[in-house]
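Report on one structure; see the data block that follows.
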Amino acid sequence: MADTESRNARKVRTGEVISLSGDKSVTVQVTYRKHHPKYGKMMTIHKKLHCHDERNECGLGDTVRVVETRPLSKTKRWRVAEIVERAK
């Protein structure tokens, strides 16, 4: 059934590592733009995601791809899937 694939699809986001919060944990800032519902002006939205980094590979400023997962702690619901680009 093709419908089950879309129901179980995990969310994927790309963002920048802004904090190495603890062992196997990073904070990723995801930025996107959307229209204001009433005024139509473009707004820049920033979201902070607390992510699980199993191998402690991420560094500050890296661009990473994160995937939604089961709750790993009180705030961690995402894990680092891959490092897209290393910080310079």
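Residues in the structure tokens are numbered from 1 in each chain, the chains being A, B, ... in the order shown, and ligands are numbered from 1 in the order shown.
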
Give me the residues within 8 Å of range 47-59 of chain A as a list in words, counting only C-alpha atoms and dropping any in the same chain fewer than 2 places off.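 Within the cut-off, the hits are Val17, Leu20, Asp23, Lys24, Ser25, Val26, Thr27, Val28, Gln29, Val30, Thr31, Ile45, Gly61, Asp62, Val66, Leu72, Thr75, Lys76, Arg77, Trp78, Arg79, Val80, Ile83, Arg86 and Ala87 of chain A.
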
For the alpha helix (DSSP H) assignment from backbone DSSP, which residues of chain A qualify? Please present them as a list in words. Ala2, Asp3, Thr4, Glu5, Ser6 and Arg7 of chain A

Write the residues of the preceding selection, restricted to all heavy atoms, as a PDB file, in the first residue's frame.
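Now in again17.pdb:
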ATOM      1  N   ALA A   2       0.699   2.103  -0.951  1.00  0.00           N
ATOM      2  CA  ALA A   2       1.535   3.297  -1.092  1.00  0.00           C
ATOM      3  C   ALA A   2       1.242   4.328  -0.005  1.00  0.00           C
ATOM      4  O   ALA A   2       2.086   5.155   0.304  1.00  0.00           O
ATOM      5  CB  ALA A   2       1.312   3.917  -2.473  1.00  0.00           C
ATOM      6  N   ASP A   3       0.051   4.267   0.569  1.00  0.00           N
ATOM      7  CA  ASP A   3      -0.328   5.255   1.590  1.00  0.00           C
ATOM      8  C   ASP A   3       0.486   5.089   2.870  1.00  0.00           C
ATOM      9  O   ASP A   3       0.775   6.061   3.551  1.00  0.00           O
ATOM     10  CB  ASP A   3      -1.824   5.126   1.888  1.00  0.00           C
ATOM     11  CG  ASP A   3      -2.330   6.267   2.746  1.00  0.00           C
ATOM     12  OD1 ASP A   3      -1.801   7.377   2.596  1.00  0.00           O
ATOM     13  OD2 ASP A   3      -3.240   6.038   3.561  1.00  0.00           O
ATOM     14  N   THR A   4       0.894   3.873   3.206  1.00  0.00           N
ATOM     15  CA  THR A   4       1.640   3.658   4.448  1.00  0.00           C
ATOM     16  C   THR A   4       3.028   4.283   4.383  1.00  0.00           C
ATOM     17  O   THR A   4       3.570   4.681   5.393  1.00  0.00           O
ATOM     18  CB  THR A   4       1.783   2.161   4.755  1.00  0.00           C
ATOM     19  OG1 THR A   4       2.395   1.519   3.645  1.00  0.00           O
ATOM     20  CG2 THR A   4       0.452   1.537   5.061  1.00  0.00           C
ATOM     21  N   GLU A   5       3.607   4.374   3.193  1.00  0.00           N
ATOM     22  CA  GLU A   5       4.921   4.994   3.059  1.00  0.00           C
ATOM     23  C   GLU A   5       4.867   6.461   3.461  1.00  0.00           C
ATOM     24  O   GLU A   5       5.750   6.965   4.129  1.00  0.00           O
ATOM     25  CB  GLU A   5       5.430   4.858   1.629  1.00  0.00           C
ATOM     26  CG  GLU A   5       5.756   3.439   1.254  1.00  0.00           C
ATOM     27  CD  GLU A   5       6.142   3.307  -0.196  1.00  0.00           C
ATOM     28  OE1 GLU A   5       6.304   4.348  -0.853  1.00  0.00           O
ATOM     29  OE2 GLU A   5       6.268   2.178  -0.664  1.00  0.00           O
ATOM     30  N   SER A   6       3.837   7.173   3.046  1.00  0.00           N
ATOM     31  CA  SER A   6       3.740   8.595   3.361  1.00  0.00           C
ATOM     32  C   SER A   6       3.392   8.819   4.835  1.00  0.00           C
ATOM     33  O   SER A   6       3.807   9.792   5.429  1.00  0.00           O
ATOM     34  CB  SER A   6       2.714   9.280   2.462  1.00  0.00           C
ATOM     35  OG  SER A   6       1.435   8.732   2.697  1.00  0.00           O
ATOM     36  N   ARG A   7       2.635   7.894   5.439  1.00  0.00           N
ATOM     37  CA  ARG A   7       2.278   8.047   6.845  1.00  0.00           C
ATOM     38  C   ARG A   7       3.481   7.863   7.756  1.00  0.00           C
ATOM     39  O   ARG A   7       3.589   8.489   8.795  1.00  0.00           O
ATOM     40  CB  ARG A   7       1.195   7.053   7.237  1.00  0.00           C
ATOM     41  CG  ARG A   7      -0.195   7.616   7.101  1.00  0.00           C
ATOM     42  CD  ARG A   7      -1.175   6.706   7.742  1.00  0.00           C
ATOM     43  NE  ARG A   7      -1.322   5.523   6.874  1.00  0.00           N
ATOM     44  CZ  ARG A   7      -1.813   4.377   7.270  1.00  0.00           C
ATOM     45  NH1 ARG A   7      -2.220   4.215   8.489  1.00  0.00           N
ATOM     46  NH2 ARG A   7      -1.918   3.362   6.442  1.00  0.00           N
TER      47      ARG A   7
END

Distance criterion (only C-alpha atoms): nearest to Val84 in chain A out of A:Gly22, A:Lys38, A:Glu16, A:Asn8: A:Glu16

Go ahead and compute the interatomic distance for CA of Arg70 in chain A and CA of Glu85 in chain A, in Å to one decimal.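 We find that CA of Arg70 in chain A and CA of Glu85 in chain A lie 25.5 Å from each other.
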
Between CA of Lys41 in chain A and CA of Lys11 in chain A, distance in Å (one decimal):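 Going from CA of Lys41 in chain A over to CA of Lys11 in chain A, I get 26.2 Å.
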
Let's see if you can do this: from backbone DSSP, list all strand (DSSP E or B) residues in range 32-80 of chain A, as number ranges by chain. A: 32-35, 42-52, 63-68, 78-80
